[in-house]
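Trainee: mmCIF, C-alpha atoms, saved as input_35.cif, coming up:
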```cif
data_model
#
loop_
_atom_site.label_atom_id
_atom_site.label_comp_id
_atom_site.auth_asym_id
_atom_site.auth_seq_id
_atom_site.Cartn_x
_atom_site.Cartn_y
_atom_site.Cartn_z
CA MET A 28 19.28 -2.81 22.01
CA LYS A 29 17.43 0.47 22.37
CA ILE A 30 13.73 0.82 21.50
CA ILE A 31 12.67 4.32 20.45
CA GLU A 32 9.15 5.54 19.76
CA SER A 33 9.74 9.28 19.46
CA PRO A 34 10.91 10.70 16.10
CA GLU A 35 12.70 13.50 17.93
CA GLU A 36 14.62 11.05 20.12
CA LEU A 37 15.64 8.96 17.11
CA GLN A 38 16.96 12.01 15.31
CA LYS A 39 18.92 13.10 18.40
CA VAL A 40 20.47 9.64 18.92
CA THR A 41 21.43 9.15 15.27
CA SER A 42 22.85 12.69 15.10
CA ASN A 43 25.18 11.79 17.95
CA TYR A 44 26.33 8.69 16.09
CA ARG A 45 26.97 10.76 12.97
CA VAL A 46 29.03 13.28 14.98
CA GLN A 47 31.12 10.33 16.21
CA GLY A 48 31.75 9.37 12.57
CA LYS A 49 29.86 6.07 12.80
CA LYS A 50 28.22 4.56 9.75
CA ILE A 51 24.51 3.88 10.19
CA GLY A 52 22.77 1.10 8.29
CA PHE A 53 19.00 1.50 8.08
CA VAL A 54 16.44 -1.26 7.46
CA PRO A 55 12.90 0.15 7.05
CA THR A 56 10.16 -2.47 7.49
CA MET A 57 6.49 -2.87 8.36
CA GLY A 58 7.33 -5.61 10.84
CA PHE A 59 6.25 -9.24 11.09
CA LEU A 60 9.87 -10.03 10.32
CA HIS A 61 10.83 -13.08 8.28
CA GLU A 62 14.04 -14.42 6.76
CA GLY A 63 13.98 -11.82 4.02
CA HIS A 64 14.12 -9.05 6.59
CA GLU A 65 16.77 -10.96 8.52
CA GLN A 66 19.01 -10.97 5.45
CA LEU A 67 18.64 -7.18 5.15
CA ILE A 68 19.63 -6.80 8.80
CA ARG A 69 22.62 -9.13 8.45
CA GLN A 70 23.95 -7.22 5.47
CA ALA A 71 23.44 -3.89 7.24
CA LYS A 72 25.28 -5.31 10.26
CA GLN A 73 28.22 -6.42 8.11
CA GLN A 74 28.61 -3.04 6.45
CA ASN A 75 27.91 -0.56 9.26
CA GLU A 76 28.80 0.15 12.87
CA ILE A 77 25.21 0.96 13.89
CA VAL A 78 22.04 -0.73 12.63
CA VAL A 79 18.64 0.96 12.91
CA LEU A 80 15.52 -1.08 12.20
CA SER A 81 12.21 0.72 11.79
CA ILE A 82 8.90 -1.08 12.26
CA PHE A 83 5.95 1.00 11.11
CA VAL A 84 2.84 -0.02 9.19
CA ASN A 85 2.49 3.14 7.13
CA PRO A 86 -1.16 4.05 6.44
CA LEU A 87 -0.22 6.43 3.63
CA GLN A 88 0.73 3.55 1.33
CA PHE A 89 -2.51 1.60 1.75
CA GLY A 90 -5.37 2.42 -0.60
CA GLU A 91 -9.10 2.05 -0.11
CA GLY A 92 -10.06 -1.59 0.45
CA GLU A 93 -6.46 -2.72 1.02
CA ASP A 94 -5.30 -4.77 3.97
CA LEU A 95 -4.09 -2.11 6.45
CA ASN A 96 -6.18 -3.40 9.36
CA HIS A 97 -5.35 -7.03 8.57
CA TYR A 98 -1.63 -6.53 7.97
CA PRO A 99 0.10 -9.13 10.20
CA ARG A 100 1.80 -7.84 13.33
CA ASP A 101 3.90 -9.53 16.04
CA GLU A 102 5.86 -6.98 18.04
CA GLU A 103 7.40 -9.42 20.53
CA HIS A 104 8.63 -11.69 17.74
CA ASP A 105 10.10 -8.72 15.90
CA LYS A 106 11.94 -7.52 19.00
CA GLU A 107 13.38 -10.99 19.58
CA VAL A 108 14.59 -11.28 15.97
CA ALA A 109 16.19 -7.85 16.15
CA ARG A 110 17.88 -8.66 19.45
CA LYS A 111 19.21 -11.97 18.10
CA LEU A 112 20.71 -10.28 15.03
CA GLY A 113 22.38 -7.47 16.96
CA VAL A 114 20.21 -4.52 15.94
CA ASP A 115 21.26 -1.41 17.88
CA ILE A 116 18.03 0.59 17.64
CA ILE A 117 14.44 -0.34 16.85
CA PHE A 118 12.34 2.64 15.85
CA PHE A 119 8.80 1.64 16.79
CA PRO A 120 6.58 4.73 16.30
CA THR A 121 2.81 4.90 16.45
CA VAL A 122 0.83 6.50 13.65
CA LYS A 123 0.29 9.48 15.98
CA ASN A 124 4.06 9.76 16.46
CA MET A 125 4.70 9.84 12.73
CA TYR A 126 1.67 11.89 11.68
CA PRO A 127 0.55 13.99 14.66
CA THR A 128 -1.56 16.05 12.28
CA GLU A 129 -2.83 15.55 8.75
CA PRO A 130 0.31 15.90 6.58
CA ALA A 131 0.43 19.23 4.76
CA ILE A 132 2.96 17.82 2.29
CA LYS A 133 2.89 14.45 0.54
CA LEU A 134 5.29 13.42 -2.20
CA THR A 135 4.08 12.27 -5.60
CA VAL A 136 5.97 9.85 -7.84
CA THR A 137 5.62 10.66 -11.55
CA LYS A 138 7.72 7.90 -13.14
CA ARG A 139 8.24 4.16 -12.58
CA THR A 140 4.78 3.81 -11.01
CA ASN A 141 2.26 3.42 -13.84
CA VAL A 142 3.19 -0.25 -14.27
CA LEU A 143 3.43 -3.38 -12.09
CA CYS A 144 1.99 -2.85 -8.58
CA GLY A 145 1.77 0.89 -9.02
CA LYS A 146 -0.73 0.56 -11.85
CA SER A 147 -3.42 -1.00 -9.64
CA ARG A 148 -2.43 0.88 -6.47
CA PRO A 149 -2.70 4.62 -7.25
CA GLY A 150 -0.99 6.68 -4.58
CA HIS A 151 0.80 3.70 -3.04
CA PHE A 152 4.31 4.78 -3.95
CA GLY A 153 3.56 8.37 -3.00
CA GLY A 154 2.90 7.02 0.49
CA VAL A 155 6.09 4.96 0.37
CA VAL A 156 8.39 7.84 -0.60
CA THR A 157 6.69 10.25 1.80
CA VAL A 158 7.35 8.04 4.81
CA LEU A 159 10.85 7.14 3.58
CA ALA A 160 11.77 10.80 3.17
CA LYS A 161 10.72 11.32 6.78
CA LEU A 162 12.56 8.21 7.98
CA PHE A 163 15.75 9.16 6.12
CA HIS A 164 15.73 12.59 7.82
CA LEU A 165 15.15 11.00 11.23
CA CYS A 166 17.63 8.14 10.89
CA GLN A 167 20.34 9.92 8.85
CA PRO A 168 21.71 6.63 7.52
CA SER A 169 24.81 6.02 5.45
CA SER A 170 23.06 3.11 3.71
CA ALA A 171 19.50 1.79 3.51
CA TYR A 172 18.64 -1.82 2.66
CA PHE A 173 15.74 -3.02 0.51
CA GLY A 174 14.81 -6.46 -0.77
CA MET A 175 14.65 -7.05 -4.51
CA LYS A 176 11.43 -9.02 -4.06
CA ASP A 177 9.78 -5.63 -4.47
CA ALA A 178 12.02 -4.47 -7.30
CA GLN A 179 9.64 -1.67 -8.27
CA GLN A 180 9.97 -0.21 -4.78
CA VAL A 181 13.76 -0.37 -5.09
CA ALA A 182 13.58 1.49 -8.41
CA VAL A 183 11.28 4.16 -6.94
CA VAL A 184 13.43 4.60 -3.83
CA GLU A 185 16.54 4.99 -5.98
CA ALA A 186 14.72 7.72 -7.90
CA LEU A 187 13.76 9.43 -4.62
CA VAL A 188 17.36 9.46 -3.42
CA ASN A 189 18.79 10.56 -6.76
CA ASP A 190 16.22 13.26 -7.53
CA LEU A 191 16.20 14.80 -4.05
CA ASN A 192 19.91 14.27 -3.33
CA PHE A 193 19.56 12.30 -0.13
CA PRO A 194 23.07 11.43 1.13
CA VAL A 195 22.25 7.74 1.49
CA GLU A 196 23.31 4.68 -0.51
CA ILE A 197 20.46 2.37 -1.48
CA VAL A 198 21.57 -1.27 -1.20
CA PRO A 199 19.39 -3.81 -3.07
CA VAL A 200 19.48 -7.27 -1.46
CA PRO A 201 18.57 -10.43 -3.42
CA THR A 202 15.19 -12.05 -2.75
CA VAL A 203 15.21 -14.65 0.02
CA ARG A 204 13.20 -17.74 -0.91
CA GLU A 205 11.65 -20.82 0.61
CA PRO A 206 13.23 -24.18 -0.40
CA ASP A 207 10.61 -24.54 -3.17
CA GLY A 208 11.36 -21.08 -4.55
CA LEU A 209 8.49 -19.04 -3.12
CA ALA A 210 9.66 -15.56 -2.17
CA LYS A 211 9.58 -14.92 1.57
CA SER A 212 6.73 -12.56 2.45
CA SER A 213 4.74 -11.54 5.51
CA ARG A 214 1.62 -12.33 3.51
CA ASN A 215 2.54 -16.00 2.97
CA VAL A 216 0.89 -16.85 6.30
CA ASN A 217 -2.45 -15.99 4.68
CA LEU A 218 -2.17 -18.77 2.07
CA SER A 219 -4.22 -21.93 2.50
CA PRO A 220 -2.25 -25.21 2.39
CA GLN A 221 -3.27 -25.75 -1.25
CA GLU A 222 -2.42 -22.17 -2.22
CA ARG A 223 0.94 -22.46 -0.48
CA GLU A 224 1.73 -25.55 -2.54
CA GLU A 225 0.62 -23.89 -5.76
CA ALA A 226 2.52 -20.65 -5.06
CA SER A 227 5.87 -22.24 -5.92
CA ALA A 228 4.73 -22.17 -9.55
CA ILE A 229 5.17 -18.39 -9.64
CA LEU A 230 8.98 -18.54 -9.69
CA LYS A 231 8.91 -21.50 -12.08
CA ALA A 232 6.79 -19.46 -14.48
CA LEU A 233 9.22 -16.54 -14.36
CA GLN A 234 12.16 -18.87 -14.85
CA SER A 235 10.47 -20.37 -17.91
CA GLY A 236 10.07 -16.87 -19.39
CA ARG A 237 13.71 -16.04 -18.74
CA LYS A 238 14.73 -19.35 -20.32
CA MET A 239 12.81 -18.42 -23.48
CA ILE A 240 14.87 -15.23 -23.80
CA GLN A 241 18.03 -17.17 -23.02
CA ASP A 242 17.13 -19.52 -25.88
CA GLY A 243 16.72 -16.63 -28.32
CA GLU A 244 13.04 -15.62 -28.08
CA THR A 245 12.67 -11.95 -29.06
CA GLY A 246 8.89 -11.63 -28.87
CA ILE A 247 8.02 -9.88 -25.60
CA GLU A 248 4.34 -10.84 -25.83
CA ASN A 249 5.26 -14.49 -26.46
CA VAL A 250 7.25 -14.55 -23.22
CA LYS A 251 4.46 -12.89 -21.23
CA THR A 252 1.86 -15.26 -22.68
CA ALA A 253 3.95 -18.29 -21.76
CA VAL A 254 4.38 -17.07 -18.17
CA ASN A 255 0.65 -16.35 -17.95
CA THR A 256 -0.25 -19.82 -19.21
CA PHE A 257 2.11 -21.52 -16.77
CA ILE A 258 0.60 -19.72 -13.77
CA GLU A 259 -2.98 -20.32 -14.93
CA ASN A 260 -2.30 -24.01 -15.47
CA ASN A 261 -0.61 -24.53 -12.11
CA THR A 262 -2.47 -22.31 -9.63
CA HIS A 263 -5.98 -21.16 -8.77
CA GLY A 264 -4.67 -17.62 -8.31
CA LYS A 265 -5.87 -14.66 -10.32
CA ILE A 266 -3.10 -12.94 -12.28
CA ASP A 267 -2.93 -9.21 -11.59
CA TYR A 268 -0.16 -8.52 -14.10
CA ILE A 269 2.76 -10.01 -16.00
CA GLU A 270 5.24 -7.47 -17.37
CA LEU A 271 8.63 -7.47 -19.07
CA LEU A 272 10.18 -4.01 -18.80
CA SER A 273 13.49 -2.17 -18.74
CA TYR A 274 15.02 -1.88 -15.28
CA PRO A 275 15.22 0.33 -13.27
CA SER A 276 13.43 2.80 -15.56
CA LEU A 277 10.44 0.41 -15.89
CA GLU A 278 9.70 1.39 -19.48
CA PRO A 279 8.20 -0.92 -22.15
CA VAL A 280 10.68 -2.67 -24.47
CA ASP A 281 10.06 -3.93 -28.01
CA LYS A 282 12.63 -6.70 -27.75
CA PRO A 283 15.11 -7.99 -25.16
CA MET A 284 17.74 -5.30 -24.57
CA GLY A 285 19.83 -4.06 -21.66
CA GLN A 286 18.79 -4.81 -18.10
CA MET A 287 15.18 -6.01 -17.78
CA ILE A 288 12.68 -7.18 -15.21
CA LEU A 289 10.13 -9.96 -15.67
CA ALA A 290 7.58 -9.50 -12.90
CA THR A 291 4.18 -10.78 -11.84
CA ALA A 292 1.55 -10.40 -9.13
CA VAL A 293 -0.89 -13.20 -8.36
CA LYS A 294 -3.93 -12.83 -6.10
CA PHE A 295 -5.03 -15.74 -3.95
CA GLU A 296 -8.04 -15.62 -1.64
CA ARG A 297 -6.34 -13.78 1.23
CA ALA A 298 -2.91 -12.89 -0.15
CA ARG A 299 -1.49 -11.07 -3.14
CA LEU A 300 2.00 -12.35 -4.00
CA ILE A 301 4.61 -10.57 -6.09
CA ASP A 302 7.83 -11.88 -7.57
CA ASN A 303 10.34 -10.97 -10.27
CA LEU A 304 13.61 -11.77 -11.98
CA VAL A 305 16.07 -9.11 -13.18
CA PHE A 306 18.35 -10.17 -16.03
CA ASP A 307 20.10 -8.96 -19.18
CA SER A 308 19.13 -9.39 -22.82
CA ASN A 309 20.84 -12.80 -22.86
CA GLY A 310 18.74 -14.01 -19.95
CA GLU A 311 21.64 -13.89 -17.49
CA ILE A 312 20.56 -13.01 -13.94
CA ILE A 313 21.90 -9.65 -12.74
#
```
Using structure tokens, write down the structure from this file.

Mentor:
Amino acid sequence: MKIIESPEELQKVTSNYRVQGKKIGFVPTMGFLHEGHEQLIRQAKQQNEIVVLSIFVNPLQFGEGEDLNHYPRDEEHDKEVARKLGVDIIFFPTVKNMYPTEPAIKLTVTKRTNVLCGKSRPGHFGGVVTVLAKLFHLCQPSSAYFGMKDAQQVAVVEALVNDLNFPVEIVPVPTVREPDGLAKSSRNVNLSPQEREEASAILKALQSGRKMIQDGETGIENVKTAVNTFIENNTHGKIDYIELLSYPSLEPVDKPMGQMILATAVKFERARLIDNLVFDSNGEII
């Protein structure tokens, strides 16, 4: 396994692989790897000859008052996980490596961002697509792997690739969960024991909303209210949002139709958790 810190070196190495005709699978992360990340790496390993894992806590996607300085990090753990799973290259740049000067160009996302997490995090997805555009140019992957836990990010990244014609396939990977249903997240370590127990109610709430649609409910607000009530009754968390939207366009819908996403974000004392289900108008999981 090769560890690279220099963007120029990464681009040179991946260019050589491309010249050799090798498929490169790319897994961009902010580190503190958990089983969700491991699943992304495994799938990339199955489908490509070379796997590149990037570990970079990107300051451009953190807004004022967000948890950039407190974002969990464990470099040695991450290296061990990558080595165990057969990663070929870890790209481990510093902020100075990635942004040696104040960026003169930053991308702006104009659709799919005024809802869900994007609504309360202005500029967040601009930071995401800016760093991904840079990483795609450096890594030159055939495919890039993203977890559906952050389904809005997947939708935005698909728009980035489609609108700017990046020659990379975006591969969405199903959410990896704890035995009680809680979505795997680097932020789960910040939950207190009571919050961790309560957090399993988030998926149960979403499943109850999907079941309502499966049983014939056509009132979007009724579904959202039921999900809201379930979370309020079973956790001490503060609900940031509950939305039922078309997917991947993330537009409001008047009634269940086509492919949809039911998503929520819940704030606990030291962690903000997101989760979602994507399904069709009959409530069948996609």

Trainee: For the provided coordinates, the residues matched by the PyMOL selection byres ((chain A and resi 195-201) around 9) should be stated as an mmCIF file with C-alpha atoms, in the coordinates of the input.

Mentor:
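Final output, selection.cif:
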```
data_model
loop_
_atom_site.group_PDB
_atom_site.id
_atom_site.type_symbol
_atom_site.label_atom_id
_atom_site.label_comp_id
_atom_site.auth_asym_id
_atom_site.auth_seq_id
_atom_site.Cartn_x
_atom_site.Cartn_y
_atom_site.Cartn_z
ATOM 1 C CA GLY A 63 13.980 -11.820 4.020
ATOM 2 C CA GLN A 66 19.010 -10.970 5.450
ATOM 3 C CA LEU A 67 18.640 -7.180 5.150
ATOM 4 C CA GLN A 70 23.950 -7.220 5.470
ATOM 5 C CA PHE A 163 15.750 9.160 6.120
ATOM 6 C CA GLN A 167 20.340 9.920 8.850
ATOM 7 C CA PRO A 168 21.710 6.630 7.520
ATOM 8 C CA SER A 169 24.810 6.020 5.450
ATOM 9 C CA SER A 170 23.060 3.110 3.710
ATOM 10 C CA ALA A 171 19.500 1.790 3.510
ATOM 11 C CA TYR A 172 18.640 -1.820 2.660
ATOM 12 C CA PHE A 173 15.740 -3.020 0.510
ATOM 13 C CA GLY A 174 14.810 -6.460 -0.770
ATOM 14 C CA MET A 175 14.650 -7.050 -4.510
ATOM 15 C CA LYS A 176 11.430 -9.020 -4.060
ATOM 16 C CA ALA A 178 12.020 -4.470 -7.300
ATOM 17 C CA VAL A 181 13.760 -0.370 -5.090
ATOM 18 C CA VAL A 184 13.430 4.600 -3.830
ATOM 19 C CA GLU A 185 16.540 4.990 -5.980
ATOM 20 C CA VAL A 188 17.360 9.460 -3.420
ATOM 21 C CA ASN A 192 19.910 14.270 -3.330
ATOM 22 C CA PHE A 193 19.560 12.300 -0.130
ATOM 23 C CA PRO A 194 23.070 11.430 1.130
ATOM 24 C CA THR A 202 15.190 -12.050 -2.750
ATOM 25 C CA VAL A 203 15.210 -14.650 0.020
#
```

Trainee: Give me the residues within 12 Å of Lys238 (chain A) as a ChimeraX atom specification, counting all atoms listed in the file and dropping any in the same chain fewer than 6 places off.

Mentor: /A:231-232,244-245,250,253-254,289,304,306-312

Trainee: Adding 3 Å on each side of the box along x, y and z that holds all listed atoms of region 223-230 of chain A, could you give its centre and edge lengths in Å to one decimal, as AutoDock Vina command-line options?

Mentor:
```
--center_x 4.8 --center_y -22.0 --center_z -5.1 --size_x 14.4 --size_y 13.2 --size_z 15.2
```

Trainee: Counting only C-alpha atoms, figure out which residue out of A:Asp242, A:Glu65, A:Asp267, A:Glu296 gets nearest to Ser219 (chain A).

Mentor: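 Ranking A:Asp242, A:Glu65, A:Asp267, A:Glu296 by distance to Ser219 (chain A), first place goes to A:Glu296.
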
Trainee: Would you mind listing what lies within 9 Å of region 153-159 of chain A as a PyMOL selection string, with all atoms listed in the file counted and same-chain residues fewer than 5 positions away left out?

Mentor: chain A and resi 55+85-89+125+132-136+164+180+183-184+187

Trainee: Any chance you can output those residues with C-alpha atoms as a PDB file, in the coordinates of the input?

Mentor:
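Output (again.pdb):
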```
ATOM      1  CA  PRO A  55      12.900   0.150   7.050  1.00  0.00           C
ATOM      2  CA  ASN A  85       2.490   3.140   7.130  1.00  0.00           C
ATOM      3  CA  PRO A  86      -1.160   4.050   6.440  1.00  0.00           C
ATOM      4  CA  LEU A  87      -0.220   6.430   3.630  1.00  0.00           C
ATOM      5  CA  GLN A  88       0.730   3.550   1.330  1.00  0.00           C
ATOM      6  CA  PHE A  89      -2.510   1.600   1.750  1.00  0.00           C
ATOM      7  CA  MET A 125       4.700   9.840  12.730  1.00  0.00           C
ATOM      8  CA  ILE A 132       2.960  17.820   2.290  1.00  0.00           C
ATOM      9  CA  LYS A 133       2.890  14.450   0.540  1.00  0.00           C
ATOM     10  CA  LEU A 134       5.290  13.420  -2.200  1.00  0.00           C
ATOM     11  CA  THR A 135       4.080  12.270  -5.600  1.00  0.00           C
ATOM     12  CA  VAL A 136       5.970   9.850  -7.840  1.00  0.00           C
ATOM     13  CA  HIS A 164      15.730  12.590   7.820  1.00  0.00           C
ATOM     14  CA  GLN A 180       9.970  -0.210  -4.780  1.00  0.00           C
ATOM     15  CA  VAL A 183      11.280   4.160  -6.940  1.00  0.00           C
ATOM     16  CA  VAL A 184      13.430   4.600  -3.830  1.00  0.00           C
ATOM     17  CA  LEU A 187      13.760   9.430  -4.620  1.00  0.00           C
TER      18      LEU A 187
END
```

Trainee: Starting from the PyMOL selection byres ((chain A and resi 42) around 12), expand the selection into actual residues of this file and give them as a PDB file with C-alpha atoms, keeping the file's coordinate frame.

Mentor:
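Saved result, expr-v8.pdb, follows:
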```pdb
ATOM      1  CA  GLU A  35      12.700  13.500  17.930  1.00  0.00           C
ATOM      2  CA  GLU A  36      14.620  11.050  20.120  1.00  0.00           C
ATOM      3  CA  LEU A  37      15.640   8.960  17.110  1.00  0.00           C
ATOM      4  CA  GLN A  38      16.960  12.010  15.310  1.00  0.00           C
ATOM      5  CA  LYS A  39      18.920  13.100  18.400  1.00  0.00           C
ATOM      6  CA  VAL A  40      20.470   9.640  18.920  1.00  0.00           C
ATOM      7  CA  THR A  41      21.430   9.150  15.270  1.00  0.00           C
ATOM      8  CA  ASN A  43      25.180  11.790  17.950  1.00  0.00           C
ATOM      9  CA  TYR A  44      26.330   8.690  16.090  1.00  0.00           C
ATOM     10  CA  ARG A  45      26.970  10.760  12.970  1.00  0.00           C
ATOM     11  CA  VAL A  46      29.030  13.280  14.980  1.00  0.00           C
ATOM     12  CA  GLN A  47      31.120  10.330  16.210  1.00  0.00           C
ATOM     13  CA  GLY A  48      31.750   9.370  12.570  1.00  0.00           C
ATOM     14  CA  LYS A  49      29.860   6.070  12.800  1.00  0.00           C
ATOM     15  CA  LYS A  50      28.220   4.560   9.750  1.00  0.00           C
ATOM     16  CA  ILE A  51      24.510   3.880  10.190  1.00  0.00           C
ATOM     17  CA  PHE A 163      15.750   9.160   6.120  1.00  0.00           C
ATOM     18  CA  HIS A 164      15.730  12.590   7.820  1.00  0.00           C
ATOM     19  CA  LEU A 165      15.150  11.000  11.230  1.00  0.00           C
ATOM     20  CA  CYS A 166      17.630   8.140  10.890  1.00  0.00           C
ATOM     21  CA  GLN A 167      20.340   9.920   8.850  1.00  0.00           C
ATOM     22  CA  PRO A 168      21.710   6.630   7.520  1.00  0.00           C
ATOM     23  CA  SER A 169      24.810   6.020   5.450  1.00  0.00           C
TER      24      SER A 169
END
```

Trainee: Expand the PyMOL selection byres ((chain A and resi 124) around 12) into the explicit residue set it covers here, and present it as an MDAnalysis selection string.

Mentor: chainID A and resid 31:37 83 85 118:123 125:129 161

Trainee: Identify the residues around (-1.3, 2.6, -6.8) within a radius of 9 Å, measuring from only C-alpha atoms in the coordinates stated by the file, and give them as a list in words.

Mentor: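 Within the cut-off we find Gln88, Phe89, Gly90, Thr140, Asn141, Cys144, Gly145, Lys146, Ser147, Arg148, Pro149, Gly150, His151, Phe152 and Gly153 of chain A.
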
Trainee: Report, in Å with one decimal, the straight-line distance from CA of Glu270 (chain A) to CA of Lys251 (chain A).

Mentor: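 Pair CA of Glu270 (chain A) / CA of Lys251 (chain A) returns 6.7 Å.
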
Trainee: Using all atoms listed in the file, pick whichever of A:Arg237, A:Lys294, A:Arg214, A:Arg204 has the shortest atom-to-atom distance to Pro99 (chain A).

Mentor: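 Nearest to Pro99 (chain A): A:Arg214.
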
Trainee: Given only C-alpha atoms as the basis, pick out the residue of A:Arg69, A:Arg139, A:Lys211, A:His263 nearest to Gly113 (chain A).

Mentor: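 Of the candidates, the smallest distance to Gly113 (chain A) is held by A:Arg69.
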
Trainee: Taking 5 positions as the minimum chain separation for residues in the same chain, which residues sit within 10 Å of Ala292 (chain A) when counting all atoms listed in the file? Answer as a PyMOL selection string.

Mentor: chain A and resi 143-144+229+264-270+299-303

Trainee: Just C-alpha atoms for this one: save the residues we selected as a short mmCIF file (atom, residue, chain, number, x, y, z; two decimals), keeping the file's coordinate frame.

Mentor:
```cif
data_model
loop_
_atom_site.label_atom_id
_atom_site.label_comp_id
_atom_site.auth_asym_id
_atom_site.auth_seq_id
_atom_site.Cartn_x
_atom_site.Cartn_y
_atom_site.Cartn_z
CA LEU A 143 3.43 -3.38 -12.09
CA CYS A 144 1.99 -2.85 -8.58
CA ILE A 229 5.17 -18.39 -9.64
CA GLY A 264 -4.67 -17.62 -8.31
CA LYS A 265 -5.87 -14.66 -10.32
CA ILE A 266 -3.10 -12.94 -12.28
CA ASP A 267 -2.93 -9.21 -11.59
CA TYR A 268 -0.16 -8.52 -14.10
CA ILE A 269 2.76 -10.01 -16.00
CA GLU A 270 5.24 -7.47 -17.37
CA ARG A 299 -1.49 -11.07 -3.14
CA LEU A 300 2.00 -12.35 -4.00
CA ILE A 301 4.61 -10.57 -6.09
CA ASP A 302 7.83 -11.88 -7.57
CA ASN A 303 10.34 -10.97 -10.27
#
```

Trainee: N, CA and C atoms for region 225-244 of chain A, written as a CSV table (one decimal), in the coordinates of the input, could you do that?

Mentor:
```csv
chain,number,residue,atom,x,y,z
A,225,GLU,N,0.7,-24.4,-4.4
A,225,GLU,CA,0.6,-23.9,-5.8
A,225,GLU,C,1.6,-22.7,-6.0
A,226,ALA,N,1.8,-21.9,-4.9
A,226,ALA,CA,2.5,-20.6,-5.1
A,226,ALA,C,3.9,-20.8,-5.6
A,227,SER,N,4.5,-22.0,-5.4
A,227,SER,CA,5.9,-22.2,-5.9
A,227,SER,C,5.9,-22.2,-7.4
A,228,ALA,N,4.8,-22.2,-8.1
A,228,ALA,CA,4.7,-22.2,-9.6
A,228,ALA,C,5.0,-20.8,-10.1
A,229,ILE,N,4.9,-19.8,-9.2
A,229,ILE,CA,5.2,-18.4,-9.6
A,229,ILE,C,6.6,-18.2,-10.1
A,230,LEU,N,7.6,-18.6,-9.3
A,230,LEU,CA,9.0,-18.5,-9.7
A,230,LEU,C,9.3,-19.4,-10.9
A,231,LYS,N,8.7,-20.6,-10.9
A,231,LYS,CA,8.9,-21.5,-12.1
A,231,LYS,C,8.4,-20.9,-13.4
A,232,ALA,N,7.3,-20.2,-13.3
A,232,ALA,CA,6.8,-19.5,-14.5
A,232,ALA,C,7.8,-18.4,-14.9
A,233,LEU,N,8.3,-17.6,-14.0
A,233,LEU,CA,9.2,-16.5,-14.4
A,233,LEU,C,10.5,-17.1,-14.9
A,234,GLN,N,10.9,-18.2,-14.3
A,234,GLN,CA,12.2,-18.9,-14.8
A,234,GLN,C,12.0,-19.4,-16.3
A,235,SER,N,10.7,-19.9,-16.6
A,235,SER,CA,10.5,-20.4,-17.9
A,235,SER,C,10.5,-19.2,-18.9
A,236,GLY,N,10.0,-18.0,-18.5
A,236,GLY,CA,10.1,-16.9,-19.4
A,236,GLY,C,11.5,-16.4,-19.6
A,237,ARG,N,12.3,-16.4,-18.6
A,237,ARG,CA,13.7,-16.0,-18.7
A,237,ARG,C,14.4,-17.0,-19.6
A,238,LYS,N,14.1,-18.3,-19.5
A,238,LYS,CA,14.7,-19.4,-20.3
A,238,LYS,C,14.4,-19.1,-21.8
A,239,MET,N,13.2,-18.7,-22.1
A,239,MET,CA,12.8,-18.4,-23.5
A,239,MET,C,13.7,-17.4,-24.1
A,240,ILE,N,14.0,-16.3,-23.3
A,240,ILE,CA,14.9,-15.2,-23.8
A,240,ILE,C,16.3,-15.8,-23.9
A,241,GLN,N,16.7,-16.6,-23.0
A,241,GLN,CA,18.0,-17.2,-23.0
A,241,GLN,C,18.2,-18.0,-24.3
A,242,ASP,N,17.1,-18.7,-24.7
A,242,ASP,CA,17.1,-19.5,-25.9
A,242,ASP,C,16.9,-18.8,-27.2
A,243,GLY,N,16.8,-17.4,-27.1
A,243,GLY,CA,16.7,-16.6,-28.3
A,243,GLY,C,15.4,-16.0,-28.7
A,244,GLU,N,14.4,-16.2,-27.8
A,244,GLU,CA,13.0,-15.6,-28.1
A,244,GLU,C,13.1,-14.1,-28.0
```
